[in-house]
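Everything below concerns the one structure shown next.
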Amino acid sequence: MPLTLIRTAWTLPSVLLALMVVLVAGSAAEAQGLKVGILHIGSMADGGYNQAHAEGIQAMKRNLPGVEVIEVENVPEGADAERVMENMAKQGAKLIVAASFGYLEPALRVAAKYPDVKFFHPGGYKRAPNLTTYWASTPEAFYLMGMAAGRATKTNKLGYVVALPISFFLANINAFELGARAVNPKAETRVVFTGTFLDPAKEATAANALLDQGVDVLGVIVDSPITVVQTAEKRNAYSIGYHSLGAQKFAPKGWIGGIAFTWGNLYTRFARQVADGAFKSENILGGLADDYLTLAPFGAAVPADAVALVNAKKQEFIAGTTQVFAGPLKDNRGMERVKAGAAFPLTDLGKMDWLVEGVIGQSR
Amino acid sequence: MLGLARGLLSGAIVSGTPLLYATLAELISERAGIVNLGLEGVMLVGAVVGFVTCVATGSATLAVAAAALAGALFNMIFAFLVISRRANPLATGLALMFCGVGLSALLGAPYVGSQISGLPEIPVPVLTDLPLVGPALFAHDALVYLAAPVATLLWWVLFFTRWGLSLRAVGENPVAAFAAGRSPHRLQYQALVVAGILGGLAGAHLSVGVAKAWAEWMTAGRGFIAVALVIFSKWHPLRAIAGALLFGGAISLQLQMQALGVPISAFLLDMLPYVLSLVVLAVWGGARRHAAPASLGRVFRGTE
C-alpha cells in the first residue's frame, strides 16, 4: 500500500509534467519553422515609423517563438529592396513584410517571381494574388489628438511639422484642426512642410519657426518625431508624437499624447494565416477599433475632463455614429468642399488636396 | 513682424553655423589647392562621433572635441590618398563621402533614438535682454558664438601670417612655393588637418547642437552646399560668414514664411535658398578678382 501511495504520488506530477510538455510543444509547434522576412527603409530605433514595424515583428516573435525572422534595415527603395526580398525568398522566407511605401513596386515584381511566398505591404494601392496590403486610417486618431491639443493650448495656436503636402498627411492635419475646433472654436493650426522625411536640423528650425509664431502645441509627421518633440519640450511647449509609442520619453513635461501603430497582433495573425495555409489577398484598412492603431497615454497637460471627452468621441468613431469629415466644410481659401449633410469618405483620402478652414498653410 | 525678424535672425544663425564651419573647412583645403568633395562624409563622421561621445560621457565639450579629432583623422585618409598617393582628388573625395555615409550609419545604428542634453545654450547676461536682437543673437550654444571668430581667425592666419602666405602660395603655384623653400606636401597635410577639424565641428553642431539626435545621412547635402559657398565667398573667410548667413537665412526665411502663413507654395519656398544663391552668383559673377587659387585641383608631383 505505501508503495502504491508512493507510486501514485509520483504518477500525478509526472502526468502533469507530461501534459505540460505536450502543451508547450503544442504552442511551440504553432507556425513552427515559418521564416518571416522584413525589410525597413530606415533604422529600427528611430522612435518612429520603422521602430513601430520592428516592434511589431518582435511582438509576433514573442507570440510565436517557433517563427524564424530575417530582418534587414536601411534598405533603399528600388533595386536594392528587390534584391533583399529575393534573397529572403531564396533563404526560405514564406512571409515577407515590405515595410515601406516605396517597396510596393519591388514587392510586386518579386511576388510575381515567387508565387508561393506571401507578401504584406503597408499602405499599398495595388495588390497581387500573393500580396496583401494593410494600413490603419489615421484621421480619426488625429481628430482626437486635435481635441486634446485644443483643450491644452493657451495661445490657441497649434503647429504641425510635416514632410510633404501629400493627401494623406493633409487629411490628418484637417482632422486635427477639426478636432481642435470642436472643443475650442478659436484654435488654428499652422503647418510647415520641410520637403523631406529625414533632416533633423531642418525639422528643429521648422519647429522653432512655429514656436516663434506663438504656437504652443507641436505635432509632427516625418519619419522620426524625436527632434520636434524635443525642441518643443526645450521651449516649454506641448507635443504630440506619431508612429511609435517611444516618443513619449522625450517630453516628460509637455507630452499631450500620440498616435502609434502597434503591429504586433496583426503580424501574429499574418504569420498564423501563412503557416495554416489560410492566406488570402486582401486590402485591410483598420481604424481606432483595431488593435494596431493605438493612442499613447495622455500627458498631464491634458485636463481630466478633456480625456473623458476624447474617450467618448473615440467610442462614437468606433461605433460609426459620427464622421470626421462631416459637412459643411470649407477649405482655407473659402471654397466649399463638403456639403451640409454629406461627409468626405475615409476611403477617398487619396483625393484630399485641400486644407480645411482654420489651417494656416498651403496645400500645394 | 518683430517676431518674424527675431525668428528669422535666430534661425539664420543656427542654420548658418554648421554651413560656416563646413565652408571654412572646404575653403582652407581649396586655398591649399585641393578640392575636397568628401566633406559631407567628414561632417557625418564628426556628427556621429560627437553624438556617440555625448551619449557615452554625457559631456558636450568632450563630444565636440571627439568630433573634431574624428573629422581630422577621417580627412587624413583623403590627404594620404591625394597628397602622398597622388590619387585624383575629385574621385577620392566622392569615395570618401560615400565611405563616410556608410561608416557613420554603421557607428550610429545602435544610437538612433538615444537621448542627449547636447550643447547647452549660454545666454549672454544683459545682452540677452536687449529688445529684438537680444534673444536672437545672444541665446545660443558655444559653437555658434565661436563660428564668426573662427572665420576671422582663419582670415588672419591666411592673410597675415607666414604660414598662411605659404599655404596660399601652394594653392597658387606649388612649384614656386617649393622653390622658395616650402614643402607643398607638408602644408597641404596641415591644411587638411585643419579642414578635418572644421568639418568635424560642422557635423557635431548638427547632431549635438541643433537636432540633438543622430539620424543616418543627417547632413542632407550640406557638405556640397559648402563647396558652392566657397565659390560664392570667392575663397575668402570673411565673405564665407556672409554666405553662410545668407544661405542659412534663406532656409530660415522659407520656414518662417510658412509658419507665418504667407500664401506661397511650400515647394516654391523650398527652392528659395537655391534661387537666392543663383541670383547672388549672377550678380557677383562679373567681378573676377579673388578668383579660384590658380593650381586648384592640380596634383603637385614634386619637381622632377
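Chain labels follow the order of the C-alpha cells: the first chain is A, the next B, and so on; residue numbering restarts at 1 in every chain, and ligands are counted from 1 in their shown order.
For chain B, the residues having at least one atom no farther than 6 Å from chain A, when counting only C-alpha atoms, are Gly7, Val112, Gly113, Val210, Ala211, Met218, Leu255, Gln256, Gln258, Ala259, Gly261 and Ser265 of chain B.
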Take the residues from that selection and write them out as an mmCIF file, in the first residue's frame, keeping N, CA, C and O atoms.
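Done, and the output landed in part_26.cif:
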```
data_model
loop_
_atom_site.group_PDB
_atom_site.id
_atom_site.type_symbol
_atom_site.label_atom_id
_atom_site.label_comp_id
_atom_site.auth_asym_id
_atom_site.auth_seq_id
_atom_site.Cartn_x
_atom_site.Cartn_y
_atom_site.Cartn_z
ATOM 1 N N GLY B 7 12.821 85.729 -35.181
ATOM 2 C CA GLY B 7 12.900 84.309 -35.522
ATOM 3 C C GLY B 7 13.801 84.077 -36.714
ATOM 4 O O GLY B 7 14.577 83.128 -36.756
ATOM 5 N N VAL B 112 20.676 55.420 -32.639
ATOM 6 C CA VAL B 112 19.491 56.119 -33.142
ATOM 7 C C VAL B 112 18.436 56.091 -32.045
ATOM 8 O O VAL B 112 18.180 55.048 -31.453
ATOM 9 N N GLY B 113 17.849 57.232 -31.760
ATOM 10 C CA GLY B 113 16.815 57.266 -30.729
ATOM 11 C C GLY B 113 17.362 57.462 -29.331
ATOM 12 O O GLY B 113 16.602 57.499 -28.378
ATOM 13 N N VAL B 210 22.121 71.344 -32.852
ATOM 14 C CA VAL B 210 20.798 71.727 -33.383
ATOM 15 C C VAL B 210 19.759 70.628 -33.176
ATOM 16 O O VAL B 210 18.750 70.823 -32.504
ATOM 17 N N ALA B 211 20.015 69.445 -33.765
ATOM 18 C CA ALA B 211 18.977 68.405 -33.755
ATOM 19 C C ALA B 211 18.962 67.616 -32.449
ATOM 20 O O ALA B 211 17.932 67.087 -32.061
ATOM 21 N N MET B 218 22.315 62.644 -41.876
ATOM 22 C CA MET B 218 21.590 63.806 -41.373
ATOM 23 C C MET B 218 22.151 65.128 -41.888
ATOM 24 O O MET B 218 21.516 66.171 -41.730
ATOM 25 N N LEU B 255 11.009 78.695 -43.921
ATOM 26 C CA LEU B 255 10.248 78.010 -42.866
ATOM 27 C C LEU B 255 9.429 79.028 -42.066
ATOM 28 O O LEU B 255 8.270 78.789 -41.711
ATOM 29 N N GLN B 256 10.038 80.197 -41.811
ATOM 30 C CA GLN B 256 9.316 81.253 -41.082
ATOM 31 C C GLN B 256 8.105 81.736 -41.870
ATOM 32 O O GLN B 256 7.046 82.005 -41.304
ATOM 33 N N GLN B 258 6.367 80.038 -44.001
ATOM 34 C CA GLN B 258 5.306 79.030 -43.896
ATOM 35 C C GLN B 258 4.597 79.122 -42.560
ATOM 36 O O GLN B 258 3.367 79.063 -42.489
ATOM 37 N N ALA B 259 5.386 79.268 -41.477
ATOM 38 C CA ALA B 259 4.788 79.332 -40.139
ATOM 39 C C ALA B 259 3.896 80.563 -40.019
ATOM 40 O O ALA B 259 2.889 80.559 -39.321
ATOM 41 N N GLY B 261 2.261 81.812 -42.463
ATOM 42 C CA GLY B 261 1.077 81.632 -43.296
ATOM 43 C C GLY B 261 1.089 82.468 -44.561
ATOM 44 O O GLY B 261 0.046 82.815 -45.098
ATOM 45 N N SER B 265 3.357 78.644 -52.298
ATOM 46 C CA SER B 265 3.516 77.196 -52.229
ATOM 47 C C SER B 265 4.776 76.787 -51.475
ATOM 48 O O SER B 265 5.836 77.385 -51.637
#
```
inquiry  = Residues within 8 Å of stretch 244-254 of chain B, please, as a list of chain:residue names. Count only C-alpha atoms; anything in the same chain fewer than 5 positions from it doesn't count.
reply    = A:Thr205, A:Ala206, A:Ala209, B:Leu8, B:Leu9, B:Gly11, B:Ala12, B:Ile13, B:Val14, B:Ser15, B:Gly16, B:Thr17, B:Leu19, B:Leu20, B:Thr23, B:Leu229, B:Leu269, B:Asp270, B:Leu272, B:Pro273, B:Leu276, B:Ser277
Write a file of the selected residues as a short mmCIF file (atom, residue, chain, number, x, y, z; two decimals), in the first residue's frame, keeping C-alpha atoms.
```
data_model
loop_
_atom_site.label_atom_id
_atom_site.label_comp_id
_atom_site.auth_asym_id
_atom_site.auth_seq_id
_atom_site.Cartn_x
_atom_site.Cartn_y
_atom_site.Cartn_z
CA THR A 205 14.44 75.02 -37.43
CA ALA A 206 10.86 74.46 -38.61
CA ALA A 209 9.77 78.90 -36.58
CA LEU B 8 14.49 84.86 -38.90
CA LEU B 9 17.73 86.19 -37.45
CA GLY B 11 17.11 80.75 -37.44
CA ALA B 12 19.65 82.17 -39.90
CA ILE B 13 22.38 81.99 -37.29
CA VAL B 14 21.53 78.46 -36.17
CA SER B 15 21.14 77.11 -39.74
CA GLY B 16 24.18 79.06 -40.91
CA THR B 17 26.61 77.89 -38.23
CA LEU B 19 27.37 75.72 -43.00
CA LEU B 20 30.01 78.23 -41.95
CA THR B 23 32.57 76.28 -45.76
CA LEU B 229 29.51 78.55 -50.71
CA LEU B 269 9.57 78.37 -50.81
CA ASP B 270 11.78 75.28 -50.55
CA LEU B 272 14.30 79.88 -52.11
CA PRO B 273 17.82 79.25 -50.76
CA LEU B 276 18.85 83.20 -53.93
CA SER B 277 22.29 81.60 -54.43
#
```
inquiry  = Show me, as a PyMOL selection string, the residues that have an atom within 8 Å of A:Ile256 when counting only C-alpha atoms, minus same-chain residues fewer than 5 positions from it.
reply    = chain A and resi 148-149+152+238-240+298-302
Among stretch 260-305 of chain A, which residues does DSSP mark as strand (DSSP E) when it is run on the backbone? Keep the chain and numbering as in the structure and answer as a PDB file with C-alpha atoms, in the first residue's frame.
```pdb
ATOM      1  CA  ALA A 260       1.122  54.825 -32.631  1.00  0.00           C
ATOM      2  CA  PHE A 261       0.999  51.810 -34.855  1.00  0.00           C
ATOM      3  CA  ASN A 283      -6.859  45.170 -48.662  1.00  0.00           C
ATOM      4  CA  ILE A 284      -7.024  45.718 -44.912  1.00  0.00           C
ATOM      5  CA  LEU A 285      -7.845  49.214 -43.705  1.00  0.00           C
ATOM      6  CA  GLY A 286      -8.247  49.368 -39.958  1.00  0.00           C
ATOM      7  CA  LEU A 293      -3.809  51.721 -34.097  1.00  0.00           C
ATOM      8  CA  THR A 294      -3.188  52.823 -30.535  1.00  0.00           C
ATOM      9  CA  LEU A 295      -3.406  56.104 -28.693  1.00  0.00           C
TER      10      LEU A 295
END
```
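Proximity to B:Ala60 was assessed for B:Ala105, B:Ala147, B:Ala204, B:Leu132 counting only C-alpha atoms; the smallest distance is recorded for B:Ala204.
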Write out as a short mmCIF file (atom, residue, chain, number, x, y, z; two decimals) with N, CA, C and O atoms, in the first residue's frame each polymer residue whose atoms come within 12 Å of B:Thr61, counting only C-alpha atoms; drop sequence neighbours fewer than 4 positions from it.
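Saved as around.cif:
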```cif
data_model
loop_
_atom_site.label_atom_id
_atom_site.label_comp_id
_atom_site.auth_asym_id
_atom_site.auth_seq_id
_atom_site.Cartn_x
_atom_site.Cartn_y
_atom_site.Cartn_z
N GLY B 50 30.58 62.71 -32.44
CA GLY B 50 30.14 63.67 -31.43
C GLY B 50 28.93 63.15 -30.67
O GLY B 50 28.89 63.18 -29.43
N PHE B 51 27.97 62.62 -31.40
CA PHE B 51 26.73 62.17 -30.75
C PHE B 51 27.00 60.97 -29.84
O PHE B 51 26.55 60.94 -28.69
N THR B 53 29.82 60.09 -28.46
CA THR B 53 30.58 60.52 -27.29
C THR B 53 29.67 61.19 -26.27
O THR B 53 29.80 61.00 -25.06
N CYS B 54 28.71 61.97 -26.78
CA CYS B 54 27.80 62.66 -25.88
C CYS B 54 26.92 61.65 -25.13
O CYS B 54 26.67 61.80 -23.94
N THR B 57 29.46 59.78 -22.57
CA THR B 57 30.07 60.52 -21.47
C THR B 57 29.14 61.56 -20.87
O THR B 57 29.36 62.03 -19.76
N ALA B 65 35.02 67.89 -28.93
CA ALA B 65 36.45 67.61 -29.11
C ALA B 65 36.63 66.31 -29.88
O ALA B 65 37.45 66.24 -30.82
N ALA B 66 35.86 65.29 -29.52
CA ALA B 66 35.98 63.99 -30.20
C ALA B 66 35.59 64.12 -31.66
O ALA B 66 36.21 63.52 -32.54
N ALA B 67 34.55 64.92 -31.95
CA ALA B 67 34.10 65.11 -33.32
C ALA B 67 35.20 65.77 -34.15
O ALA B 67 35.47 65.37 -35.29
N ALA B 68 35.86 66.78 -33.56
CA ALA B 68 36.92 67.49 -34.28
C ALA B 68 38.07 66.52 -34.59
O ALA B 68 38.59 66.48 -35.71
N SER B 117 21.42 65.64 -23.75
CA SER B 117 21.02 67.03 -23.48
C SER B 117 21.74 67.95 -24.46
O SER B 117 21.29 69.04 -24.75
N GLY B 118 22.88 67.51 -24.99
CA GLY B 118 23.56 68.25 -26.05
C GLY B 118 24.22 69.52 -25.59
O GLY B 118 24.37 69.77 -24.39
N LEU B 119 24.64 70.33 -26.56
CA LEU B 119 25.31 71.60 -26.25
C LEU B 119 24.33 72.53 -25.56
O LEU B 119 23.27 72.82 -26.08
N PRO B 120 24.67 73.01 -24.38
CA PRO B 120 23.74 73.91 -23.69
C PRO B 120 23.74 75.30 -24.32
O PRO B 120 24.75 75.74 -24.87
N ASP B 141 24.38 78.29 -28.44
CA ASP B 141 25.41 77.45 -27.84
C ASP B 141 26.80 77.96 -28.22
O ASP B 141 26.95 78.85 -29.07
N ALA B 142 27.80 77.39 -27.59
CA ALA B 142 29.17 77.89 -27.74
C ALA B 142 29.66 77.81 -29.18
O ALA B 142 30.37 78.71 -29.64
N LEU B 143 29.29 76.76 -29.92
CA LEU B 143 29.78 76.63 -31.30
C LEU B 143 29.25 77.77 -32.17
O LEU B 143 29.91 78.19 -33.12
N LEU B 201 33.57 69.70 -36.62
CA LEU B 201 32.79 70.65 -35.81
C LEU B 201 31.44 70.93 -36.47
O LEU B 201 30.41 71.02 -35.79
N ALA B 204 29.28 68.01 -35.72
CA ALA B 204 28.91 67.97 -34.31
C ALA B 204 27.83 69.00 -33.99
O ALA B 204 26.93 68.75 -33.19
N HIS B 205 27.92 70.18 -34.65
CA HIS B 205 26.90 71.18 -34.36
C HIS B 205 25.52 70.71 -34.80
O HIS B 205 24.52 70.99 -34.14
N VAL B 208 24.84 67.40 -32.14
CA VAL B 208 24.87 67.67 -30.70
C VAL B 208 24.27 69.03 -30.38
O VAL B 208 23.75 69.26 -29.30
N GLY B 209 24.33 69.97 -31.37
CA GLY B 209 23.83 71.31 -31.13
C GLY B 209 22.40 71.53 -31.56
O GLY B 209 21.53 71.83 -30.75
#
```
key: Spatial neighbours of B:Pro131, max dist 12 Å, only C-alpha atoms, sep filter under 3 positions, as a PyMOL selection string   = chain B and resi 2-3+5-6+126-128+134-138
Any chance you can output those residues with N, CA and C atoms as a PDB file, in the first residue's frame?
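As written to disk, out09.pdb reads:
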```
ATOM      1  N   LEU B   2       7.891  91.933 -35.772  1.00  0.00           N
ATOM      2  CA  LEU B   2       9.108  91.876 -34.961  1.00  0.00           C
ATOM      3  C   LEU B   2       9.452  90.434 -34.640  1.00  0.00           C
ATOM      4  N   GLY B   3       8.394  89.642 -34.368  1.00  0.00           N
ATOM      5  CA  GLY B   3       8.589  88.221 -34.081  1.00  0.00           C
ATOM      6  C   GLY B   3       9.251  87.533 -35.262  1.00  0.00           C
ATOM      7  N   ALA B   5      11.154  88.910 -37.594  1.00  0.00           N
ATOM      8  CA  ALA B   5      12.535  89.356 -37.740  1.00  0.00           C
ATOM      9  C   ALA B   5      13.433  88.635 -36.747  1.00  0.00           C
ATOM     10  N   ARG B   6      12.936  88.510 -35.501  1.00  0.00           N
ATOM     11  CA  ARG B   6      13.740  87.865 -34.470  1.00  0.00           C
ATOM     12  C   ARG B   6      13.939  86.385 -34.809  1.00  0.00           C
ATOM     13  N   VAL B 126      22.748  90.306 -19.607  1.00  0.00           N
ATOM     14  CA  VAL B 126      22.454  91.678 -20.039  1.00  0.00           C
ATOM     15  C   VAL B 126      22.089  91.732 -21.530  1.00  0.00           C
ATOM     16  N   LEU B 127      23.009  91.253 -22.398  1.00  0.00           N
ATOM     17  CA  LEU B 127      22.775  91.387 -23.836  1.00  0.00           C
ATOM     18  C   LEU B 127      21.517  90.637 -24.277  1.00  0.00           C
ATOM     19  N   THR B 128      21.212  89.478 -23.625  1.00  0.00           N
ATOM     20  CA  THR B 128      20.028  88.710 -23.998  1.00  0.00           C
ATOM     21  C   THR B 128      18.758  89.527 -23.818  1.00  0.00           C
ATOM     22  N   GLY B 134      18.344  90.853 -28.877  1.00  0.00           N
ATOM     23  CA  GLY B 134      18.910  90.152 -27.723  1.00  0.00           C
ATOM     24  C   GLY B 134      18.759  88.644 -27.794  1.00  0.00           C
ATOM     25  N   PRO B 135      17.510  88.137 -27.764  1.00  0.00           N
ATOM     26  CA  PRO B 135      17.328  86.682 -27.763  1.00  0.00           C
ATOM     27  C   PRO B 135      17.807  86.037 -29.075  1.00  0.00           C
ATOM     28  N   ALA B 136      17.764  86.783 -30.181  1.00  0.00           N
ATOM     29  CA  ALA B 136      18.159  86.208 -31.469  1.00  0.00           C
ATOM     30  C   ALA B 136      19.668  86.027 -31.551  1.00  0.00           C
ATOM     31  N   LEU B 137      20.413  86.974 -30.973  1.00  0.00           N
ATOM     32  CA  LEU B 137      21.866  86.948 -31.126  1.00  0.00           C
ATOM     33  C   LEU B 137      22.586  86.329 -29.946  1.00  0.00           C
ATOM     34  N   PHE B 138      21.997  86.431 -28.758  1.00  0.00           N
ATOM     35  CA  PHE B 138      22.784  86.099 -27.565  1.00  0.00           C
ATOM     36  C   PHE B 138      22.193  84.972 -26.723  1.00  0.00           C
TER      37      PHE B 138
END
```
Test item: residues at most 9 Å from A:Val84, only C-alpha atoms, excluding those fewer than 4 positions along its chain, as a VMD selection string = chain A and resid 39 72 75 79 to 80 88 to 89
request  = List every residue of stretch 4-249 of chain A that DSSP, applied to the backbone of this structure, places in alpha helix (DSSP H), and write the result as a ChimeraX atom specification.
outcome  = /A:4-29,49-63,79-90,104-113,139-152,167-183,200-212,226-234
inquiry  = For A:Leu170, find every residue with an atom within 9 Å (counting only C-alpha atoms), except residues of its own chain fewer than 2 positions away, and show them as a ChimeraX atom specification.
reply    = /A:164-168,172-175,349,352-356,363
Those residues with C-alpha atoms, as a PDB file, in the first residue's frame please?
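part.pdb written:
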```pdb
ATOM      1  CA  LEU A 164       5.360  66.875 -47.697  1.00  0.00           C
ATOM      2  CA  PRO A 165       1.887  68.113 -48.634  1.00  0.00           C
ATOM      3  CA  ILE A 166       0.582  64.709 -49.764  1.00  0.00           C
ATOM      4  CA  SER A 167      -3.109  63.932 -49.469  1.00  0.00           C
ATOM      5  CA  PHE A 168      -2.953  61.501 -46.519  1.00  0.00           C
ATOM      6  CA  ASN A 172      -4.533  64.157 -40.920  1.00  0.00           C
ATOM      7  CA  ILE A 173      -3.915  67.881 -40.471  1.00  0.00           C
ATOM      8  CA  ASN A 174      -7.526  68.656 -41.432  1.00  0.00           C
ATOM      9  CA  ALA A 175      -8.845  66.113 -38.952  1.00  0.00           C
ATOM     10  CA  LEU A 349      -8.383  60.223 -48.580  1.00  0.00           C
ATOM     11  CA  MET A 352      -7.999  65.197 -50.385  1.00  0.00           C
ATOM     12  CA  ASP A 353      -5.874  68.013 -51.820  1.00  0.00           C
ATOM     13  CA  TRP A 354      -7.087  70.888 -49.679  1.00  0.00           C
ATOM     14  CA  LEU A 355      -6.632  72.198 -46.161  1.00  0.00           C
ATOM     15  CA  VAL A 356      -9.668  72.913 -44.047  1.00  0.00           C
ATOM     16  CA  SER A 363      -1.793  72.543 -49.698  1.00  0.00           C
TER      17      SER A 363
END
```
d(atom CA of A:Leu64, atom CA of A:Gly264) in Å = 10.9 Å
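Here the question is which of A:Tyr49, A:Tyr103, A:Tyr292, A:Phe119 gets nearest to A:Asn265 using only C-alpha atoms, and that residue is A:Tyr292.
Atom pair atom CA of B:Tyr21 / atom CA of B:Gly199: separated by 6.4 Å.
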